[in-house]
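This report refers to the structure that appears directly beneath it.
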Amino acid sequence: MNKKIFLLISLLAMVAFTATPAQAGGYKPSDIYKQYLARVYYARSLYELAPYFIERTRNNMLSLQGEAAEKQLQKLKKSYIGKFTVNKEEVVGDMAFIDANGYAKDWDQVTKAKVRVEMLREAGAWKIKHHSWTGKVSPPKGQIGRKKKSYR
């Protein structure tokens, strides 16, 4: 009985994590960004995340290999926002702008973050053009740094 449940859960997880980003029709840009956030946390390679980005960024990601690819993956993982809540979403033609709140982590500190996402409709699907968060964290002891930290 436990094997059947495990197999069912595994199959459902595989289906959920192999889905490609949804087409723009019927989905808000924030829905696609939420899909990205669900994926980035567990991603093991850039190949899993590249479909969420505009073509120029996607091609750059897919050209990276080895240590450069791993560094880029870790940078994207730092962009993870927990409890992502949309405050304002504006669609202007093929561009979308999302202002949101959530929780981010840097220097092993969790902070309230303000999130800004710019998305572009590309080939009928919403893609991430630029995303960033800002929040306040203190630098580790002995390290000189800014109190205000931003992911870009």
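To be explicit about the labels: the chains of the structure tokens are called A, B, and onward in the order shown, and within each one the residues are counted from 1, while ligands get numbers from 1 in the order they are shown.
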Compile the contact shell of region 72-75 of chain A as an mmCIF file with N, CA and C atoms, in the first residue's frame: residues with an atom at most 9 Å away, counting only C-alpha atoms, same-chain residues fewer than 6 positions apart removed.
data_model
loop_
_atom_site.group_PDB
_atom_site.id
_atom_site.type_symbol
_atom_site.label_atom_id
_atom_site.label_comp_id
_atom_site.auth_asym_id
_atom_site.auth_seq_id
_atom_site.Cartn_x
_atom_site.Cartn_y
_atom_site.Cartn_z
ATOM 1 N N VAL A 40 12.206 27.356 -9.269
ATOM 2 C CA VAL A 40 13.578 27.780 -8.977
ATOM 3 C C VAL A 40 14.079 27.195 -7.653
ATOM 4 N N ALA A 43 15.224 23.631 -8.464
ATOM 5 C CA ALA A 43 15.953 23.424 -9.720
ATOM 6 C C ALA A 43 17.346 22.851 -9.475
ATOM 7 N N ARG A 44 17.729 21.937 -10.357
ATOM 8 C CA ARG A 44 19.064 21.334 -10.288
ATOM 9 C C ARG A 44 19.954 21.787 -11.428
ATOM 10 N N SER A 45 19.341 22.432 -12.437
ATOM 11 C CA SER A 45 20.136 22.940 -13.557
ATOM 12 C C SER A 45 19.433 24.130 -14.193
ATOM 13 N N LEU A 46 20.192 24.878 -14.974
ATOM 14 C CA LEU A 46 19.632 26.027 -15.674
ATOM 15 C C LEU A 46 18.611 25.612 -16.726
ATOM 16 N N LEU A 49 15.115 26.159 -15.730
ATOM 17 C CA LEU A 49 14.660 27.528 -15.527
ATOM 18 C C LEU A 49 14.664 28.370 -16.792
ATOM 19 N N MET A 61 21.881 31.616 -20.813
ATOM 20 C CA MET A 61 21.870 30.571 -19.783
ATOM 21 C C MET A 61 22.262 29.221 -20.369
ATOM 22 N N LEU A 64 25.979 28.466 -20.985
ATOM 23 C CA LEU A 64 26.882 28.299 -19.848
ATOM 24 C C LEU A 64 27.102 26.823 -19.540
ATOM 25 N N TYR A 151 18.717 41.949 -4.755
ATOM 26 C CA TYR A 151 19.040 40.920 -5.744
ATOM 27 C C TYR A 151 18.737 41.488 -7.113
ATOM 28 N N ARG A 152 19.642 41.310 -8.045
ATOM 29 C CA ARG A 152 19.389 41.705 -9.454
ATOM 30 C C ARG A 152 19.894 40.622 -10.334
#
Helix (DSSP H, G or I) residues, from DSSP on the backbone, in region 16-152 of chain A, as a PyMOL selection string: chain A and resi 16-18+29-40+46-52+55-63+66-77
Output the selection as a PDB file, in the first residue's frame - C-alpha atoms for each residue.
ATOM      1  CA  ALA A  16       4.082  18.957 -12.127  1.00  0.00           C
ATOM      2  CA  PHE A  17       7.797  19.623 -12.574  1.00  0.00           C
ATOM      3  CA  THR A  18       7.989  18.694 -16.249  1.00  0.00           C
ATOM      4  CA  PRO A  29       1.996  37.284 -15.899  1.00  0.00           C
ATOM      5  CA  SER A  30       2.045  36.835 -12.114  1.00  0.00           C
ATOM      6  CA  ASP A  31       0.778  33.258 -12.561  1.00  0.00           C
ATOM      7  CA  ILE A  32       3.802  32.492 -14.743  1.00  0.00           C
ATOM      8  CA  TYR A  33       6.160  34.158 -12.258  1.00  0.00           C
ATOM      9  CA  LYS A  34       4.660  32.057  -9.459  1.00  0.00           C
ATOM     10  CA  GLN A  35       5.349  28.956 -11.581  1.00  0.00           C
ATOM     11  CA  TYR A  36       8.958  30.121 -11.884  1.00  0.00           C
ATOM     12  CA  LEU A  37       9.239  30.593  -8.115  1.00  0.00           C
ATOM     13  CA  ALA A  38       7.890  27.092  -7.519  1.00  0.00           C
ATOM     14  CA  ARG A  39      10.491  25.733  -9.935  1.00  0.00           C
ATOM     15  CA  VAL A  40      13.578  27.780  -8.977  1.00  0.00           C
ATOM     16  CA  LEU A  46      19.632  26.027 -15.674  1.00  0.00           C
ATOM     17  CA  TYR A  47      17.812  23.913 -18.257  1.00  0.00           C
ATOM     18  CA  GLU A  48      14.843  23.739 -15.884  1.00  0.00           C
ATOM     19  CA  LEU A  49      14.660  27.528 -15.527  1.00  0.00           C
ATOM     20  CA  ALA A  50      15.651  28.814 -18.966  1.00  0.00           C
ATOM     21  CA  PRO A  51      12.139  28.483 -20.496  1.00  0.00           C
ATOM     22  CA  TYR A  52      10.858  31.163 -18.107  1.00  0.00           C
ATOM     23  CA  GLU A  55      15.142  34.643 -25.576  1.00  0.00           C
ATOM     24  CA  ARG A  56      18.365  36.634 -25.069  1.00  0.00           C
ATOM     25  CA  THR A  57      18.660  35.605 -21.414  1.00  0.00           C
ATOM     26  CA  ARG A  58      17.570  32.044 -22.160  1.00  0.00           C
ATOM     27  CA  ASN A  59      20.225  31.622 -24.874  1.00  0.00           C
ATOM     28  CA  ASN A  60      22.892  33.000 -22.555  1.00  0.00           C
ATOM     29  CA  MET A  61      21.870  30.571 -19.783  1.00  0.00           C
ATOM     30  CA  LEU A  62      21.898  27.587 -22.097  1.00  0.00           C
ATOM     31  CA  SER A  63      25.382  28.455 -23.361  1.00  0.00           C
ATOM     32  CA  GLY A  66      30.402  23.797 -15.645  1.00  0.00           C
ATOM     33  CA  GLU A  67      31.201  26.237 -12.869  1.00  0.00           C
ATOM     34  CA  ALA A  68      29.695  29.218 -14.721  1.00  0.00           C
ATOM     35  CA  ALA A  69      26.359  27.395 -15.052  1.00  0.00           C
ATOM     36  CA  GLU A  70      26.424  26.430 -11.370  1.00  0.00           C
ATOM     37  CA  LYS A  71      27.133  30.039 -10.304  1.00  0.00           C
ATOM     38  CA  GLN A  72      24.257  31.290 -12.439  1.00  0.00           C
ATOM     39  CA  LEU A  73      21.935  28.672 -10.955  1.00  0.00           C
ATOM     40  CA  GLN A  74      22.909  29.734  -7.425  1.00  0.00           C
ATOM     41  CA  LYS A  75      22.322  33.387  -8.356  1.00  0.00           C
ATOM     42  CA  LEU A  76      18.831  32.525  -9.573  1.00  0.00           C
ATOM     43  CA  LYS A  77      18.149  30.547  -6.400  1.00  0.00           C
TER      44      LYS A  77
END
From A:Gly135, A:Thr85, A:Glu90, A:Tyr80, residue lying nearest Gly102 (chain A) [only C-alpha atoms]: A:Thr85
Å distance separating CA of Gly82 (chain A) from CA of Phe53 (chain A), one decimal place: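 Spanning CA of Gly82 (chain A) to CA of Phe53 (chain A) is a straight-line distance of 19.7 Å.
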CA of Glu89 (chain A) to CA of Arg121 (chain A), straight-line distance in Å: 14.4 Å
Close residues, Asn101 (chain A) itself excluded, 12 Å, only C-alpha atoms, min 5 positions apart in chain, as a ChimeraX atom specification: /A:80-88,111-117,132-135
Spatial neighbours of Met119 (chain A), max dist 10 Å, only C-alpha atoms, sep filter under 3 positions, as an NGL selection string: :A and (29-30 or 32-33 or 52-54 or 91 or 94-98 or 122 or 125-131)
Strand (DSSP E) positions in region 63-151 of chain A, given as a CSV table (one decimal) with N, CA and C atoms, in the first residue's frame:
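Output file states_0.csv follows:
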chain,number,residue,atom,x,y,z
A,82,GLY,N,9.7,33.9,-0.9
A,82,GLY,CA,8.6,33.1,-0.3
A,82,GLY,C,7.4,33.9,0.0
A,83,LYS,N,6.2,33.3,0.1
A,83,LYS,CA,5.0,34.0,0.3
A,83,LYS,C,4.8,35.2,-0.6
A,84,PHE,N,5.0,35.0,-1.9
A,84,PHE,CA,4.9,36.0,-2.9
A,84,PHE,C,3.5,36.5,-3.0
A,85,THR,N,3.3,37.8,-2.8
A,85,THR,CA,1.9,38.4,-2.8
A,85,THR,C,1.9,39.6,-3.8
A,86,VAL,N,1.1,39.5,-4.8
A,86,VAL,CA,1.0,40.6,-5.8
A,86,VAL,C,0.3,41.8,-5.2
A,87,ASN,N,0.9,43.0,-5.3
A,87,ASN,CA,0.2,44.2,-4.9
A,87,ASN,C,-0.4,44.9,-6.1
A,88,LYS,N,0.4,44.9,-7.2
A,88,LYS,CA,-0.1,45.6,-8.4
A,88,LYS,C,0.4,44.8,-9.6
A,89,GLU,N,-0.4,44.6,-10.6
A,89,GLU,CA,0.0,44.0,-11.8
A,89,GLU,C,-0.6,44.8,-13.0
A,90,GLU,N,0.3,45.3,-13.9
A,90,GLU,CA,-0.1,46.1,-15.0
A,90,GLU,C,0.4,45.5,-16.3
A,91,VAL,N,-0.5,45.3,-17.2
A,91,VAL,CA,-0.2,44.8,-18.5
A,91,VAL,C,-0.3,46.0,-19.5
A,92,VAL,N,0.7,46.3,-20.2
A,92,VAL,CA,0.7,47.3,-21.3
A,92,VAL,C,1.2,46.7,-22.6
A,95,MET,N,4.1,44.0,-22.6
A,95,MET,CA,4.9,44.2,-21.4
A,95,MET,C,4.0,44.0,-20.2
A,96,ALA,N,4.5,43.5,-19.1
A,96,ALA,CA,3.8,43.4,-17.8
A,96,ALA,C,4.7,43.8,-16.7
A,97,PHE,N,4.2,44.5,-15.7
A,97,PHE,CA,4.9,45.0,-14.6
A,97,PHE,C,4.2,44.5,-13.3
A,98,ILE,N,5.0,43.9,-12.5
A,98,ILE,CA,4.4,43.3,-11.2
A,98,ILE,C,5.2,43.9,-10.0
A,99,ASP,N,4.4,44.5,-9.1
A,99,ASP,CA,5.0,44.9,-7.8
A,99,ASP,C,4.4,44.0,-6.8
A,100,ALA,N,5.2,43.4,-6.0
A,100,ALA,CA,4.8,42.4,-5.0
A,100,ALA,C,5.6,42.5,-3.7
A,101,ASN,N,5.2,41.7,-2.7
A,101,ASN,CA,5.9,41.6,-1.4
A,101,ASN,C,6.1,40.1,-1.2
A,102,GLY,N,7.0,39.8,-0.3
A,102,GLY,CA,7.3,38.5,0.0
A,102,GLY,C,8.5,38.4,1.0
A,103,TYR,N,9.1,37.3,1.1
A,103,TYR,CA,10.2,37.1,2.0
A,103,TYR,C,11.4,36.6,1.2
A,104,ALA,N,12.6,37.2,1.4
A,104,ALA,CA,13.8,36.7,0.7
A,104,ALA,C,14.8,36.4,1.7
A,105,LYS,N,15.9,35.7,1.3
A,105,LYS,CA,17.0,35.3,2.2
A,105,LYS,C,18.3,35.7,1.6
A,106,ASP,N,19.1,36.3,2.4
A,106,ASP,CA,20.5,36.6,2.0
A,106,ASP,C,21.3,36.7,3.3
A,109,GLN,N,19.9,35.4,6.4
A,109,GLN,CA,18.9,36.2,7.1
A,109,GLN,C,17.6,36.3,6.2
A,110,VAL,N,16.5,36.1,6.8
A,110,VAL,CA,15.2,36.2,6.1
A,110,VAL,C,14.7,37.6,6.3
A,111,THR,N,14.3,38.3,5.3
A,111,THR,CA,13.9,39.7,5.3
A,111,THR,C,12.6,39.9,4.5
A,112,LYS,N,11.8,40.8,4.9
A,112,LYS,CA,10.6,41.2,4.1
A,112,LYS,C,11.2,41.9,2.9
A,113,ALA,N,10.7,41.6,1.7
A,113,ALA,CA,11.2,42.1,0.5
A,113,ALA,C,10.1,42.7,-0.4
A,114,LYS,N,10.5,43.8,-1.1
A,114,LYS,CA,9.7,44.3,-2.1
A,114,LYS,C,10.2,43.8,-3.4
A,115,VAL,N,9.3,43.3,-4.3
A,115,VAL,CA,9.7,42.6,-5.5
A,115,VAL,C,9.2,43.4,-6.7
A,116,ARG,N,10.0,43.5,-7.7
A,116,ARG,CA,9.7,44.2,-9.0
A,116,ARG,C,10.0,43.2,-10.1
A,117,VAL,N,9.0,42.9,-10.9
A,117,VAL,CA,9.2,41.9,-12.0
A,117,VAL,C,8.7,42.6,-13.3
A,118,GLU,N,9.5,42.5,-14.4
A,118,GLU,CA,9.1,43.0,-15.7
A,118,GLU,C,9.1,41.7,-16.6
A,119,MET,N,7.9,41.6,-17.3
A,119,MET,CA,7.8,40.4,-18.1
A,119,MET,C,7.4,40.9,-19.5
A,120,LEU,N,7.7,40.0,-20.5
A,120,LEU,CA,7.5,40.3,-21.9
A,120,LEU,C,6.8,39.1,-22.5
A,121,ARG,N,5.8,39.4,-23.3
A,121,ARG,CA,5.0,38.4,-24.0
A,121,ARG,C,5.9,38.1,-25.3
A,122,GLU,N,6.4,36.8,-25.3
A,122,GLU,CA,7.3,36.4,-26.4
A,122,GLU,C,6.7,35.1,-27.0
A,125,ALA,N,3.8,33.6,-25.0
A,125,ALA,CA,3.9,33.2,-23.6
A,125,ALA,C,4.6,34.4,-22.8
A,126,TRP,N,4.2,34.5,-21.6
A,126,TRP,CA,4.9,35.5,-20.7
A,126,TRP,C,6.3,35.0,-20.3
A,127,LYS,N,7.3,35.8,-20.4
A,127,LYS,CA,8.7,35.5,-20.1
A,127,LYS,C,9.2,36.6,-19.2
A,128,ILE,N,10.1,36.2,-18.3
A,128,ILE,CA,10.7,37.1,-17.4
A,128,ILE,C,11.8,37.9,-18.1
A,129,LYS,N,11.7,39.2,-18.1
A,129,LYS,CA,12.7,40.1,-18.7
A,129,LYS,C,13.7,40.5,-17.6
A,130,HIS,N,13.1,41.0,-16.4
A,130,HIS,CA,14.0,41.4,-15.3
A,130,HIS,C,13.2,41.2,-14.0
A,131,HIS,N,13.9,40.8,-13.0
A,131,HIS,CA,13.3,40.7,-11.7
A,131,HIS,C,14.3,41.0,-10.6
A,132,SER,N,13.8,41.7,-9.6
A,132,SER,CA,14.7,42.0,-8.5
A,132,SER,C,13.9,42.1,-7.2
A,133,TRP,N,14.6,42.0,-6.1
A,133,TRP,CA,14.0,42.3,-4.8
A,133,TRP,C,14.9,43.2,-4.0
A,134,THR,N,14.3,43.9,-3.0
A,134,THR,CA,15.1,44.8,-2.1
A,134,THR,C,14.5,44.5,-0.7
A,135,GLY,N,15.4,44.5,0.2
A,135,GLY,CA,15.1,44.3,1.6
A,135,GLY,C,16.3,44.7,2.5
A,136,LYS,N,16.1,44.7,3.8
A,136,LYS,CA,17.2,45.1,4.7
A,136,LYS,C,17.8,43.8,5.4
A,148,LYS,N,21.4,47.7,3.2
A,148,LYS,CA,20.4,47.4,2.3
A,148,LYS,C,20.9,46.5,1.2
A,149,LYS,N,20.2,45.4,1.0
A,149,LYS,CA,20.7,44.4,0.0
A,149,LYS,C,19.6,44.2,-1.1
A,150,SER,N,20.1,44.0,-2.3
A,150,SER,CA,19.2,43.9,-3.4
A,150,SER,C,19.6,42.8,-4.3
A,151,TYR,N,18.7,41.9,-4.8
A,151,TYR,CA,19.0,40.9,-5.7
A,151,TYR,C,18.7,41.5,-7.1
